[in-house]
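The next block is model_38.txt, given as compact mmCIF, C-alpha atoms and all ligand atoms.
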# COMPACT_ATOMS: atom_id res chain seq x y z
CA MET T 1 0.00 0.00 0.00
CA TYR T 2 1.26 3.47 -0.91
CA ILE T 3 0.96 6.93 0.55
CA ASN T 4 0.94 10.02 -1.73
CA PHE T 5 -1.97 9.12 -3.99
CA TRP T 6 -5.65 10.07 -4.19
CA TYR T 7 -8.01 7.58 -2.57
CA PRO T 8 -11.82 7.41 -2.59
CA ILE T 9 -12.98 7.90 1.00
CA ALA T 10 -16.78 7.91 0.90
CA LYS T 11 -19.80 8.52 -1.27
CA SER T 12 -20.75 12.21 -1.24
CA ASP T 13 -24.05 11.49 0.49
CA GLU T 14 -22.27 9.70 3.35
CA VAL T 15 -20.38 12.87 4.28
CA ARG T 16 -22.68 15.15 6.28
CA THR T 17 -22.74 18.37 8.25
CA TYR T 18 -24.47 16.78 11.25
CA GLU T 19 -22.57 13.54 11.85
CA PRO T 20 -19.08 12.23 11.12
CA HIS T 21 -18.42 9.34 8.74
CA ARG T 22 -15.79 6.95 10.05
CA THR T 23 -13.89 4.74 7.64
CA LYS T 24 -10.56 2.99 7.17
CA VAL T 25 -8.14 3.36 4.25
CA LEU T 26 -4.51 2.16 4.04
CA GLY T 27 -5.07 0.46 7.37
CA GLN T 28 -5.69 3.81 9.13
CA ASN T 29 -8.95 5.11 10.54
CA LEU T 30 -10.21 8.36 9.02
CA VAL T 31 -13.12 10.67 9.72
CA ALA T 32 -14.99 12.69 7.08
CA PHE T 33 -17.53 15.47 7.64
CA ARG T 34 -18.77 18.74 6.12
CA ASP T 35 -18.59 22.33 7.28
CA PRO T 36 -21.75 24.49 7.14
CA GLU T 37 -20.71 25.77 3.68
CA GLY T 38 -20.76 22.18 2.39
CA GLY T 39 -16.99 21.70 2.10
CA ALA T 40 -15.89 18.13 2.82
CA HIS T 41 -13.00 17.41 5.19
CA VAL T 42 -11.04 14.24 5.84
CA LEU T 43 -8.95 13.93 9.01
CA SER T 44 -7.05 11.25 10.86
CA ASP T 45 -9.60 9.67 13.21
CA VAL T 46 -7.35 9.39 16.25
CA CYS T 47 -7.88 12.09 18.88
CA ILE T 48 -4.45 13.19 20.09
CA HIS T 49 -5.72 13.78 23.64
CA ARG T 50 -6.01 10.16 24.74
CA GLY T 51 -6.91 8.21 21.64
CA GLY T 52 -10.66 8.72 21.25
CA ALA T 53 -12.21 7.88 17.87
CA LEU T 54 -13.33 11.21 16.38
CA GLY T 55 -15.61 9.39 13.96
CA LYS T 56 -17.66 8.13 16.90
CA GLY T 57 -18.33 11.67 18.07
CA TRP T 58 -20.45 14.33 16.43
CA VAL T 59 -20.14 17.45 14.28
CA LYS T 60 -20.80 20.88 15.69
CA GLU T 61 -20.65 24.01 13.51
CA GLY T 62 -18.16 22.50 11.11
CA LYS T 63 -15.95 20.94 13.79
CA VAL T 64 -15.73 17.28 14.70
CA VAL T 65 -16.16 16.71 18.43
CA CYS T 66 -14.34 13.87 20.17
CA PRO T 67 -16.87 11.73 22.10
CA TYR T 68 -14.44 11.15 24.99
CA HIS T 69 -13.78 14.64 26.44
CA GLY T 70 -15.34 16.94 23.85
CA TRP T 71 -12.25 18.42 22.20
CA GLN T 72 -13.23 20.07 18.90
CA PHE T 73 -11.20 19.86 15.68
CA GLY T 74 -11.69 22.02 12.59
CA GLY T 75 -11.49 20.86 9.00
CA ASP T 76 -7.86 22.05 9.02
CA GLY T 77 -7.11 19.50 11.73
CA LEU T 78 -6.38 22.11 14.42
CA CYS T 79 -7.99 21.75 17.83
CA LYS T 80 -10.22 24.82 18.29
CA TYR T 81 -11.71 24.15 21.70
CA ILE T 82 -10.93 22.12 24.82
CA PRO T 83 -13.84 22.24 27.30
CA SER T 84 -11.58 21.87 30.35
CA LEU T 85 -9.28 24.78 29.36
CA GLU T 86 -9.58 28.50 28.71
CA ASP T 87 -9.88 29.28 24.98
CA ASP T 88 -6.37 30.71 24.70
CA GLN T 89 -4.76 27.67 26.34
CA VAL T 90 -5.20 25.16 23.51
CA PRO T 91 -1.72 23.64 23.05
CA ALA T 92 -0.04 23.99 19.67
CA ARG T 93 0.48 20.22 19.56
CA ALA T 94 -3.29 19.69 19.68
CA LYS T 95 -3.78 18.98 15.96
CA VAL T 96 -4.52 15.97 13.80
CA ASP T 97 -3.59 15.31 10.17
CA SER T 98 -5.99 16.88 7.64
CA TYR T 99 -5.87 15.74 4.02
CA PRO T 100 -6.48 17.61 0.75
CA VAL T 101 -9.94 16.77 -0.66
CA GLN T 102 -11.55 16.68 -4.09
CA GLU T 103 -15.20 15.86 -4.56
CA LYS T 104 -16.21 14.50 -7.98
CA TYR T 105 -18.55 11.90 -9.50
CA GLY T 106 -20.41 11.61 -6.19
CA ILE T 107 -17.19 10.59 -4.40
CA VAL T 108 -15.13 12.36 -1.75
CA PHE T 109 -11.46 11.71 -2.53
CA ALA T 110 -8.56 12.52 -0.22
CA PHE T 111 -4.88 12.83 -0.98
CA LEU T 112 -3.36 10.54 1.62
CA GLY T 113 0.17 11.82 1.83
CA ASP T 114 2.34 14.84 2.53
CA LEU T 115 3.43 16.00 -0.93
CA PRO T 116 2.92 19.69 -1.76
CA GLU T 117 0.23 20.33 -4.38
CA GLU T 118 2.54 20.72 -7.37
CA GLU T 119 4.17 17.33 -6.79
CA ARG T 120 1.03 15.26 -6.31
CA PRO T 121 0.12 12.49 -8.72
CA PRO T 122 -3.24 13.25 -10.37
CA LEU T 123 -6.70 11.95 -9.69
CA ARG T 124 -7.80 10.21 -12.89
CA GLU T 125 -10.31 12.35 -14.75
CA VAL T 126 -13.56 10.71 -15.90
CA GLU T 127 -13.55 12.58 -19.23
CA GLU T 128 -17.03 11.43 -20.27
CA TYR T 129 -18.71 12.56 -17.04
CA ASP T 130 -21.41 15.18 -17.73
CA GLN T 131 -20.49 15.04 -21.42
CA GLU T 132 -23.20 15.20 -24.05
CA GLY T 133 -23.98 11.70 -25.34
CA TRP T 134 -22.68 9.90 -22.27
CA ARG T 135 -24.49 8.62 -19.24
CA ALA T 136 -23.14 7.50 -15.86
CA ASN T 137 -24.77 4.74 -13.91
CA LYS T 138 -25.53 5.41 -10.27
CA LEU T 139 -22.27 5.09 -8.36
CA VAL T 140 -21.69 1.50 -7.20
CA VAL T 141 -19.53 0.79 -4.14
CA PHE T 142 -18.63 -2.71 -3.06
CA GLU T 143 -16.21 -4.37 -0.67
CA VAL T 144 -14.00 -7.29 -1.54
CA GLY T 145 -12.16 -9.59 0.84
CA ALA T 146 -8.96 -9.33 -1.20
CA PHE T 147 -5.86 -7.13 -1.37
CA TYR T 148 -6.34 -4.17 -3.71
CA GLU T 149 -3.23 -4.91 -5.81
CA ARG T 150 -4.63 -8.35 -6.59
CA SER T 151 -7.86 -6.65 -7.64
CA MET T 152 -6.01 -4.13 -9.83
CA GLU T 153 -4.01 -6.90 -11.47
CA ASN T 154 -7.21 -8.77 -12.21
CA GLY T 155 -8.54 -5.72 -14.04
CA LEU T 156 -5.31 -5.49 -16.05
CA ASP T 157 -5.44 -9.13 -17.09
CA PRO T 158 -7.39 -9.73 -20.29
CA SER T 159 -6.59 -13.46 -20.34
CA HIS T 160 -8.89 -14.30 -17.43
CA ASN T 161 -12.05 -13.16 -19.19
CA GLU T 162 -12.63 -16.30 -21.18
CA PHE T 163 -12.54 -18.44 -18.01
CA VAL T 164 -13.94 -16.24 -15.25
CA HIS T 165 -16.58 -14.54 -17.39
CA PRO T 166 -17.56 -17.20 -19.93
CA ALA T 167 -20.74 -15.33 -20.87
CA GLN T 168 -18.72 -12.38 -22.18
CA GLY T 169 -15.37 -14.01 -22.89
CA ALA T 170 -13.55 -12.93 -26.01
CA PRO T 171 -11.63 -15.95 -27.35
CA ALA T 172 -10.04 -14.00 -30.21
CA MET T 173 -8.32 -11.72 -27.67
CA LEU T 174 -6.60 -14.74 -26.24
CA ARG T 175 -5.36 -15.86 -29.64
CA ASP T 176 -3.93 -12.37 -30.02
CA PHE T 177 -1.70 -12.88 -26.96
CA ARG T 178 -0.31 -16.09 -28.38
CA ARG T 179 0.83 -14.20 -31.45
CA LYS T 180 2.35 -11.20 -29.73
CA PRO T 181 2.78 -9.80 -26.22
CA LEU T 182 0.59 -6.97 -24.98
CA GLU T 183 1.81 -3.59 -26.16
CA MET T 184 1.83 -1.20 -23.25
CA GLU T 185 1.64 2.56 -23.62
CA ASP T 186 3.25 4.29 -20.66
CA GLU T 187 2.14 7.56 -19.12
CA THR T 188 3.73 9.47 -16.25
CA TRP T 189 1.69 7.77 -13.54
CA GLY T 190 0.61 4.54 -15.19
CA SER T 191 0.24 2.56 -18.35
CA ARG T 192 -2.46 1.21 -20.67
CA PHE T 193 -3.04 -1.27 -23.44
CA ARG T 194 -5.69 -1.85 -26.06
CA VAL T 195 -6.41 -5.01 -28.02
CA THR T 196 -8.83 -5.57 -30.85
CA PHE T 197 -11.05 -8.58 -30.85
CA GLU T 198 -12.42 -10.12 -34.00
CA THR T 199 -15.03 -12.11 -32.20
CA THR T 200 -18.54 -12.36 -33.59
CA THR T 201 -21.75 -11.40 -31.88
CA GLU T 202 -22.39 -15.15 -31.52
CA GLU T 203 -19.41 -15.44 -29.21
CA THR T 204 -20.16 -12.44 -27.00
CA LYS T 205 -23.49 -13.74 -25.84
CA ALA T 206 -24.11 -11.26 -23.07
CA LEU T 207 -23.17 -8.31 -25.24
CA LYS T 208 -25.14 -9.54 -28.23
CA GLU T 209 -28.25 -7.63 -27.34
CA LEU T 210 -26.26 -4.51 -26.47
CA ALA T 211 -24.14 -4.18 -29.58
CA THR T 212 -25.11 -4.75 -33.14
CA HIS T 213 -21.59 -5.07 -34.53
CA ALA T 214 -18.99 -6.59 -32.27
CA GLN T 215 -16.57 -7.15 -35.15
CA ASP T 216 -13.43 -5.02 -35.00
CA ALA T 217 -14.27 -4.02 -31.52
CA SER T 218 -11.49 -3.10 -29.16
CA ALA T 219 -11.01 -3.31 -25.44
CA GLY T 220 -8.31 -2.22 -23.10
CA SER T 221 -7.34 -1.41 -19.57
CA GLY T 222 -5.03 1.00 -17.89
CA PHE T 223 -3.98 2.16 -14.46
CA VAL T 224 -3.11 5.52 -12.94
CA GLY T 225 -1.31 5.28 -9.63
CA PRO T 226 -1.59 2.07 -7.66
CA ASN T 227 -5.36 2.21 -7.24
CA GLN T 228 -7.17 3.79 -10.22
CA MET T 229 -8.16 1.61 -13.16
CA ILE T 230 -10.08 2.13 -16.38
CA THR T 231 -11.49 -0.46 -18.72
CA TRP T 232 -12.58 0.50 -22.24
CA ILE T 233 -14.92 -1.69 -24.25
CA ASP T 234 -15.60 -0.07 -27.61
CA PHE T 235 -17.66 -1.69 -30.31
CA ALA T 236 -17.10 -1.02 -34.00
CA ASN T 237 -20.22 1.12 -34.22
CA LYS T 238 -18.75 3.55 -31.65
CA ASN T 239 -20.92 2.25 -28.84
CA GLY T 240 -18.94 1.69 -25.72
CA PHE T 241 -18.54 1.27 -22.01
CA HIS T 242 -15.80 3.21 -20.24
CA GLN T 243 -15.50 1.90 -16.71
CA TYR T 244 -13.59 3.67 -13.96
CA PHE T 245 -12.60 1.86 -10.78
CA PHE T 246 -11.27 3.88 -7.86
CA GLU T 247 -9.97 1.41 -5.32
CA ALA T 248 -9.38 2.04 -1.62
CA PRO T 249 -7.31 -0.53 0.24
CA ILE T 250 -9.14 -0.77 3.56
CA ASP T 251 -6.18 -2.68 4.93
CA GLU T 252 -3.85 -5.38 3.71
CA ASN T 253 -6.71 -7.87 3.28
CA ARG T 254 -9.74 -5.89 2.13
CA THR T 255 -10.64 -3.40 -0.59
CA ARG T 256 -13.47 -0.96 -1.17
CA ILE T 257 -14.13 -0.27 -4.85
CA PHE T 258 -15.95 2.81 -6.17
CA PHE T 259 -17.18 2.05 -9.67
CA VAL T 260 -18.26 4.69 -12.20
CA ASN T 261 -19.64 3.17 -15.38
CA MET T 262 -19.98 5.46 -18.42
CA ARG T 263 -21.84 4.48 -21.59
CA ASN T 264 -22.75 6.24 -24.82
CA PHE T 265 -25.64 4.02 -25.89
CA LEU T 266 -28.81 2.68 -24.29
CA LEU T 267 -28.96 6.11 -22.71
CA GLN T 268 -32.49 5.82 -21.36
CA PRO T 269 -32.48 5.81 -17.54
CA GLU T 270 -34.51 2.60 -17.45
CA ASN T 271 -31.40 0.71 -18.64
CA ASP T 272 -29.37 1.80 -15.60
CA GLN T 273 -30.50 -0.94 -13.27
CA ARG T 274 -30.15 -3.71 -15.83
CA LEU T 275 -26.59 -2.66 -16.66
CA VAL T 276 -25.65 -2.35 -12.99
CA SER T 277 -26.98 -5.88 -12.45
CA VAL T 278 -24.88 -7.24 -15.33
CA ASN T 279 -21.82 -5.44 -13.95
CA LEU T 280 -22.37 -6.82 -10.48
CA ILE T 281 -22.66 -10.37 -11.81
CA VAL T 282 -19.35 -9.89 -13.62
CA ALA T 283 -17.79 -8.35 -10.48
CA GLN T 284 -18.94 -11.27 -8.36
CA GLU T 285 -17.27 -13.69 -10.76
CA ASP T 286 -14.00 -11.82 -10.18
CA ILE T 287 -14.55 -11.59 -6.42
CA ASP T 288 -15.02 -15.37 -6.13
CA ILE T 289 -11.57 -15.84 -7.66
CA LEU T 290 -9.85 -12.98 -5.83
CA GLU T 291 -11.01 -13.93 -2.35
CA ALA T 292 -9.48 -17.40 -2.75
CA LEU T 293 -6.02 -16.29 -4.01
CA ASP T 294 -3.04 -17.60 -2.10
CA PRO T 295 -1.03 -15.74 -1.00
CA VAL T 296 -3.46 -12.90 -0.27
CA ARG T 297 -0.87 -10.32 -1.38
CA THR T 298 1.42 -10.56 -4.39
CA PRO T 299 4.57 -12.51 -3.44
CA ASP T 300 7.70 -10.36 -3.13
CA SER T 301 9.73 -12.59 -5.42
CA PRO T 302 8.81 -13.25 -9.08
CA THR T 303 10.26 -16.76 -8.67
CA GLU T 304 7.20 -17.63 -6.61
CA GLU T 305 4.98 -17.35 -9.71
CA VAL T 306 5.20 -18.30 -13.39
CA LEU T 307 4.42 -15.29 -15.57
CA VAL T 308 3.74 -15.46 -19.34
CA PRO T 309 3.38 -12.74 -22.04
CA SER T 310 -0.36 -12.28 -21.39
CA ASP T 311 0.62 -11.05 -17.90
CA GLY T 312 2.36 -8.09 -19.54
CA ALA T 313 0.13 -5.42 -18.03
CA VAL T 314 0.45 -6.98 -14.59
CA VAL T 315 4.22 -6.90 -14.92
CA ARG T 316 4.12 -3.23 -15.99
CA TYR T 317 1.87 -2.40 -13.02
CA ARG T 318 4.42 -3.99 -10.70
CA ASP T 319 7.23 -2.01 -12.38
CA PHE T 320 5.40 1.21 -11.54
CA LEU T 321 4.75 0.05 -7.97
CA ASN T 322 8.49 -0.55 -7.61
CA ARG T 323 9.19 3.02 -8.77
CA TRP T 324 6.85 4.33 -6.07
CA THR T 325 8.47 2.03 -3.53
CA ASP T 326 11.84 3.56 -4.47
CA LYS T 327 10.42 7.02 -3.77
CA GLY T 328 9.76 5.93 -0.20
CA TRP T 329 5.96 5.81 -0.55
CA ARG T 330 5.34 2.15 0.26
CA ILE T 331 3.96 1.43 3.71
CA ASP T 332 6.15 -0.98 5.66
CA LEU T 333 3.50 -3.54 6.54
CA LYS T 334 5.75 -5.72 8.66
CA LYS T 335 6.71 -2.81 10.88
CA LEU T 336 3.14 -1.54 11.01
CA ARG T 337 1.82 -4.98 12.03
CA ALA T 338 4.50 -5.32 14.68
CA GLU T 339 3.68 -1.98 16.32
CA GLN T 340 -0.03 -1.41 15.71
CA GLY T 341 -1.93 -1.57 18.96
CA ASP T 342 1.04 -0.33 20.96
CA ARG T 343 1.09 3.05 19.24
CA ALA T 344 -1.22 4.96 16.92
CA PHE T 345 -0.07 6.03 13.48
CA ALA T 346 -1.32 8.57 10.96
CA ILE T 347 -0.67 8.99 7.27
CA PRO T 348 1.38 12.21 7.20
CA CYS T 349 -0.52 15.19 5.74
CA PRO T 350 1.04 18.11 3.78
CA ALA T 351 1.01 20.38 6.85
CA ARG T 352 3.71 18.16 8.38
CA ARG T 353 6.13 19.70 5.86
CA THR T 354 5.57 23.20 7.21
CA SER T 355 4.76 22.76 10.89
CA LYS T 356 6.40 20.65 13.58
CA ASN T 357 5.27 18.95 16.77
CA TRP T 358 2.94 16.20 15.62
CA VAL T 359 1.69 13.80 18.23
CA LEU T 360 1.18 10.62 16.18
CA ASN T 361 3.96 8.83 14.38
CA PRO T 362 3.74 8.82 10.58
CA VAL T 363 2.97 5.35 9.17
CA PRO T 364 6.25 3.52 8.65
CA VAL T 365 7.39 3.40 5.00
CA LEU T 366 10.15 1.44 3.29
CA PRO T 367 13.20 3.72 2.91
CA PRO T 368 13.59 5.51 -0.44
CA GLN T 369 16.23 4.09 -2.81
S1 LIG I 401 -9.60 11.49 23.90
FE1 LIG I 401 -10.52 12.94 22.61
S2 LIG I 401 -11.07 14.50 23.95
FE2 LIG I 401 -10.06 13.09 25.22
FE FE I 402 -12.86 -9.93 -14.49

Take the structure I supplied and represent it as structure tokens, if you would.
Ligand code: FES
Ligand SMILES: [Fe+2]
Amino acid sequence: MYINFWYPIAKSDEVRTYEPHRTKVLGQNLVAFRDPEGGAHVLSDVCIHRGGALGKGWVKEGKVVCPYHGWQFGGDGLCKYIPSLEDDQVPARAKVDSYPVQEKYGIVFAFLGDLPEEERPPLREVEEYDQEGWRANKLVVFEVGAFYERSMENGLDPSHNEFVHPAQGAPAMLRDFRRKPLEMEDETWGSRFRVTFETTTEETKALKELATHAQDASAGSGFVGPNQMITWIDFANKNGFHQYFFEAPIDENRTRIFFVNMRNFLLQPENDQRLVSVNLIVAQEDIDILEALDPVRTPDSPTEEVLVPSDGAVVRYRDFLNRWTDKGWRIDLKKLRAEQGDRAFAIPCPARRTSKNWVLNPVPVLPPQ
């Protein structure tokens, strides 16, 4: 798991002005709430007084109130009020990490890391959102009992489709891999590939009723950062699905996936539910495989697997992860496991670069190379 990327924290309607939303991402508890102007805030959940869970408290005039002794924290993370002290006696150390927020597509995202704005990797844009001729399904959020990198790799692996999703498998794509390896197209923060499939409408049974010409269709996947994935399925007649998956590692065993599905055909709202149902059936087919993978997390050594050319996108994903590990962004899970419970950690926020005296230790990361 990596700090210094944008993560989906909650659905917009879960983040309210009158009660906090408590959640966990990257193994750390977080609290989200809104100020009276509607601005969303995401803070570390651990009260630095004596460890209360802010997310179990309440929100008062744009401040989250710890349920233990009533200390109040603003959206900037600073403690504004301590009931047992005079107003001017609030210690400077009384502050919790507060993360940069973006709210888009019905999702509150937070930048979980300490990089200054100009150095931050981007949040992947959903270009088709609100665009003429495109329609988004209602946001779908689901939890999977699997490590997020395993889930990302599954999305980057076109060779599983024929077996895991027989109803929409594309056999011709597989034949393509035997002829030549996947051609990856790198970007600054990720990579993508596209393959054409020559399959007939007969072979894509589930898509048959959705697309009139499946010939010369193309499909592809790509990733941005460790946790944002897109899948393109474009039919020859320009009809297509563009699917965006924003994944939040809850911890090292579980993942919460925020799924935005764009389409430029069957635009009538009455198709929404049917398409969501099809997508959830497909997702469940993946989940059944992912939750049974052993080991739960990708093995550290490539000698503990046998990779072939159709795993090309998975290999490229791992190359990028290694680059981010070298930057010192990878959470040291062994150290975290060894110490969690004895001390509280927080993902460091950007304010740690400009102000000192933080109470919680930053999550341990592997040293930069
Ligand atoms: S632990 Fe939060 S106010 Fe005491
Ligand atoms: Fe799949």

Restricting the calculation to only C-alpha atoms, which member of T:Gly145, T:Pro226, T:Gly312, T:Pro362 is positioned closest to Val296 in chain T? T:Gly145

Got a sec: who's within 7 Å of Asp97 in chain T, counting only C-alpha atoms, leaving out chain neighbours fewer than 6 positions off, as a VMD selection string? chain T and resid 43 to 44 77 348 to 349

To one decimal place, how far is CA of Met184 in chain T from CA of Gly240 in chain T in Å?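 Distance between the two atoms: 21.1 Å.
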
CA of Asn239 in chain T sits from CA of Glu128 in chain T at a separation of 13.1 Å

Nearby residues, ligand LIG 401 (chain I), 8 Å, all atoms listed in the file, as JSON, numbers by chain: {"T": [46, 47, 48, 49, 50, 51, 52, 53, 54, 65, 66, 67, 68, 69, 70, 71, 72, 82]}

Give as an MDAnalysis selection string the residues surrounding ligand FE 402 (chain I) up to a distance of 10 Å, considering only C-alpha atoms and all ligand atoms. chainID T and resid 151 153:165 168:169 282:287 289:290

Would you mind telling me which residue in T:Trp134, T:Trp232, T:Tyr129, T:Phe223 lies nearest to Arg318 in chain T when using only C-alpha atoms?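 Ranking T:Trp134, T:Trp232, T:Tyr129, T:Phe223 by distance to Arg318 in chain T, first place goes to T:Phe223.
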
Exercise: range 137-142 of chain T partners within 10 Å, only C-alpha atoms, chain neighbours under 2 positions left out, as a PyMOL selection string: chain T and resi 10-11+105-107+135+144+245-247+255-263+267+269+271-273+275-276+279-280+283

As JSON, numbers by chain, please: the residues near range 115-119 of chain T (cut-off 12 Å, only C-alpha atoms, same-chain neighbours under 4 positions excluded). {"T": [3, 4, 5, 6, 99, 100, 101, 111, 189, 327, 328, 329, 347, 348, 349, 350, 351, 352, 353, 354]}

Here is a test: counting all atoms listed in the file, which residue of T:Glu339, T:Ile331, T:Ser355, T:Arg150 is nearest to Gly113 in chain T?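 Looking at the shortest contact to Gly113 in chain T, the residue is T:Ile331.
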
Given the choices T:Ala146, T:Gln228, T:Tyr244, T:Lys60, which gets closest to Glu127 in chain T if the distance is worked out from all atoms listed in the file?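 Smallest distance to Glu127 in chain T is found for T:Tyr244.
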